[in-house]
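Have a look at the structure below, then the notes.
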Amino acid sequence: MKCAPLVALLLSLVTVCTANAAALSPTPATATSLNKIAEAYVKLVLALGQHDPDYVDAYYGPPEWKQQLQGKKPLDSLALEANRLRDQFAKISNPADEMERLRLAYLTRQLSAFEARVRILKGERLKFDEESQALYDAVAPRFLETHFQEILAKLESKLPGEGTLLQRYENWRRAFVIPKDKLDTVFQLAIKACRERTLAHIKLPPNENFTVEYVTNKPWGGYNWYKGNYRSVIQVNTDLPVYIDRAIDLAAHEGYPGHHVYNALLEKNLVRDRGWVEFSIYPLFSPQSLIAEGTANFGREVVFTKPERLEFARTVLFPAAGIDPSRAEEFYAVQSRSAAARNSNRRNAGMSLSSYWRRRGFRAIYARMTPPHATVSQQKTSCSHRKAA
Ligand SMILES: [Zn+2]
């Protein structure tokens, strides 16, 4: 994994929030030059967003920068501007201050991903690992086929009966779908618990909050839209069956301490307190997504140990959803294995990452919807796609 500087930056961010450490003082010359580069980078990302509606996932920087956009700049022109920015990076000596060094490393990696996205939009085709490296600065770990066969063998023993393992699994888990009329009640219970548990670890910015919307006809299961001012909108797709474990998954991953908290801390500690405007924009196809998704997934483990999660689900969520609480242990035992098994076919030699996401989003929606509603959106590398199928 080559994203250590970004991880270090995130850790620094959380440390700043929890310990309220005094802000370090970068040298004015370095801060000024980096601020200018950061502004140019934000404007480039906004300009590429004119070509690719999925690219800018969130923006709450100066509104005039967005308003000043006039039509699409040619992709070649954006590539040239990115190249000029890269030259400016090269002229900057390594800042003495650690946070400024991390800032420079972050901007360098983000710009590299920007350039790769421009090449892809111009028609360049990359294999799965090449694309993940170019856009996310990381390559997924490899597992031998035997690793997954062992998981499937364990699932076989837990789901006996007629039909294929997949059929038996789908039949078995129907009993654990949250009824639509109970979805909000269950989700709000999970959000409340996740927020309380997050506050035990992290001081949150004042007045942070999010609203939950239930939507249809989307290529993902859930999505966090960060709006700035410590506010998010979290959307849950009700076309897809929402299984009971998704209540905590969604609440922790999208809300507390996942995407909502991550973005609110970025805004508080980096954008507002330090004036690092590059964090007011979130280009979806970039290393920032890797960190965002990683922290959101890890968030679930921060707020609940596995025994705590099981107990909370059994005593609170299962009853609220009208699902038999005595089956909670059985449910989590199978789900933990099936989640690992679903990861078995994510890297397909010769398939690009983009086409993988497109197919996956399509399959998830199309399998559950009648054709007139089934649409294929532009691919997005959100949490939501992983969860959708
Ligand atoms: Zn996510």
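How things are named: the first chain in the structure tokens is A, the next is B, and so on; residues count from 1 in each chain; ligands count from 1 in the order shown.
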
Set out as CSV a contact list for segment 217-267 of chain A and segment 167-183 of chain A with a cut-off of 6 Å, giving each residue of segment 217-267 of chain A that qualifies its closest atom pair and distance in Å to one decimal, counting only C-alpha atoms, ordered by chain and rising residue number.
```
residue,atom,partner,partner_atom,distance
A:Val242,CA,A:Val177,CA,5.6
A:Tyr243,CA,A:Val177,CA,4.3
A:Ile244,CA,A:Ile178,CA,5.7
```

Non-local contacts of segment 283-296 of chain A (7 Å; only C-alpha atoms; under 5 positions in same chain excluded) as a list in words
Val45, Tyr55, Val56, Asp57, Gln110, Ala113, Leu135, Tyr136, Asp137, His253, Glu254, Pro257, Gly258, His259 and Cys383 of chain A

Name the residues in contact with Tyr256 of chain A at a cut-off of 12 Å, using only C-alpha atoms, excluding same-chain residues fewer than 6 positions from it; report them as an mmCIF file with C-alpha atoms, in the first residue's frame.
```cif
data_model
loop_
_atom_site.group_PDB
_atom_site.id
_atom_site.type_symbol
_atom_site.label_atom_id
_atom_site.label_comp_id
_atom_site.auth_asym_id
_atom_site.auth_seq_id
_atom_site.Cartn_x
_atom_site.Cartn_y
_atom_site.Cartn_z
ATOM 1 C CA GLN A 188 -32.461 5.899 13.464
ATOM 2 C CA ALA A 190 -28.531 2.484 14.742
ATOM 3 C CA ILE A 191 -27.541 6.105 14.036
ATOM 4 C CA LYS A 192 -28.206 7.132 17.646
ATOM 5 C CA ALA A 193 -26.063 4.308 19.004
ATOM 6 C CA CYS A 194 -23.257 4.925 16.527
ATOM 7 C CA ARG A 195 -23.199 8.654 17.328
ATOM 8 C CA GLU A 196 -23.032 8.058 21.075
ATOM 9 C CA ARG A 197 -20.219 5.583 20.625
ATOM 10 C CA THR A 198 -18.356 7.891 18.242
ATOM 11 C CA LEU A 199 -18.494 10.738 20.753
ATOM 12 C CA ALA A 200 -16.626 8.532 23.203
ATOM 13 C CA HIS A 201 -13.645 8.656 20.813
ATOM 14 C CA ILE A 202 -13.896 11.872 18.813
ATOM 15 C CA LYS A 203 -14.945 15.435 19.556
ATOM 16 C CA LEU A 204 -17.321 16.442 16.773
ATOM 17 C CA GLU A 208 -22.859 18.745 12.831
ATOM 18 C CA ASN A 209 -25.808 16.774 11.546
ATOM 19 C CA PHE A 210 -27.195 14.880 8.623
ATOM 20 C CA ASN A 224 -23.312 10.157 1.778
ATOM 21 C CA SER A 232 -24.502 15.653 5.085
ATOM 22 C CA ILE A 234 -27.420 10.316 3.530
ATOM 23 C CA ILE A 248 -25.275 -0.577 11.623
ATOM 24 C CA ASP A 249 -23.252 -0.746 8.411
ATOM 25 C CA LEU A 250 -25.029 2.265 6.978
ATOM 26 C CA TYR A 262 -14.533 12.186 8.203
ATOM 27 C CA ASN A 263 -15.741 15.074 6.048
ATOM 28 C CA ALA A 264 -16.767 17.212 9.011
ATOM 29 C CA LEU A 265 -13.313 16.774 10.580
ATOM 30 C CA THR A 295 -11.963 4.951 7.370
ATOM 31 C CA ALA A 296 -15.695 4.449 6.876
ATOM 32 C CA ASN A 297 -15.345 0.667 6.856
ATOM 33 C CA PHE A 298 -13.040 0.735 9.851
ATOM 34 C CA GLY A 299 -15.517 3.005 11.624
ATOM 35 C CA ARG A 300 -17.903 0.139 12.180
ATOM 36 C CA GLU A 301 -15.245 -1.662 14.179
ATOM 37 C CA VAL A 302 -14.433 1.493 16.146
ATOM 38 C CA VAL A 303 -17.952 1.875 17.489
ATOM 39 C CA PHE A 304 -18.861 -1.789 17.983
#
```

List every residue of segment 48-232 of chain A that DSSP, applied to the backbone of this structure, assigns to strand (DSSP E), and report them as a ChimeraX atom specification.
/A:56-59,209-215,222-228,231-232

Contacts of Val186 of chain A within 7 Å, only C-alpha atoms, excl. fewer than 6 positions in-chain, as a PyMOL selection string
chain A and resi 247+317+320-321

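In this structure, atom CA of Leu310 of chain A sits 7.4 Å away from atom CA of Tyr332 of chain A.
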
Contacts of Ile120 of chain A within 10 Å, only C-alpha atoms, excl. fewer than 5 positions in-chain, as a compact mmCIF listing (two decimals) with N, CA and C atoms, in the first residue's frame:
```
# COMPACT_ATOMS: atom_id res chain seq x y z
N PHE A 114 -5.70 12.82 -10.89
CA PHE A 114 -6.43 13.71 -11.81
C PHE A 114 -5.94 13.49 -13.24
N GLU A 115 -4.63 13.43 -13.40
CA GLU A 115 -4.06 13.24 -14.74
C GLU A 115 -4.49 11.89 -15.32
N ARG A 125 -7.38 2.88 -21.91
CA ARG A 125 -7.96 1.74 -21.20
C ARG A 125 -6.88 1.05 -20.37
N LEU A 126 -7.18 0.83 -19.11
CA LEU A 126 -6.24 0.21 -18.19
C LEU A 126 -6.85 -1.06 -17.62
N GLU A 131 -5.53 0.49 -13.20
CA GLU A 131 -6.44 1.60 -12.97
C GLU A 131 -6.53 1.94 -11.48
N LEU A 135 -5.57 5.61 -10.16
CA LEU A 135 -6.59 6.49 -9.58
C LEU A 135 -6.54 6.53 -8.06
N SER A 354 -13.20 0.32 -14.12
CA SER A 354 -14.42 1.05 -14.48
C SER A 354 -15.50 0.11 -14.97
```

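Closest approach to ligand 1 among A:Ala252, A:Gly228, A:Lys127, A:Leu104 is made by A:Ala252 (distances from only C-alpha atoms and all ligand atoms).
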
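Atom pair atom CA of Glu39 of chain A / atom CA of Val271 of chain A has a distance of 12.2 Å (rounded to one decimal).
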
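In this model, the gap between atom CA of Ala58 of chain A and atom CA of Val261 of chain A comes to 14.3 Å.
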
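Closest approach to ligand 1 among A:Asn269, A:Ser326, A:Gln235, A:Thr305 is made by A:Gln235 (distances from only C-alpha atoms and all ligand atoms).
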
From the set A:Asp184, A:Gly255, A:Val233, A:Phe318, which residue has the shortest atom-to-atom contact distance to ligand 1, counting only C-alpha atoms and all ligand atoms?
A:Gly255

Between A:Gly221, A:Arg314, A:Lys43, A:Ser338, which residue has the minimum interatomic distance to Leu166 of chain A, considering only C-alpha atoms?
A:Ser338

Would you kindly return, as a list in words, each protein, DNA or RNA residue with an atom no farther than 10 Å from any atom of Gly275 of chain A, considering only C-alpha atoms and excluding same-chain residues fewer than 6 positions away?
Ala31, Asn35, Glu267, Lys268 and Asn269 of chain A
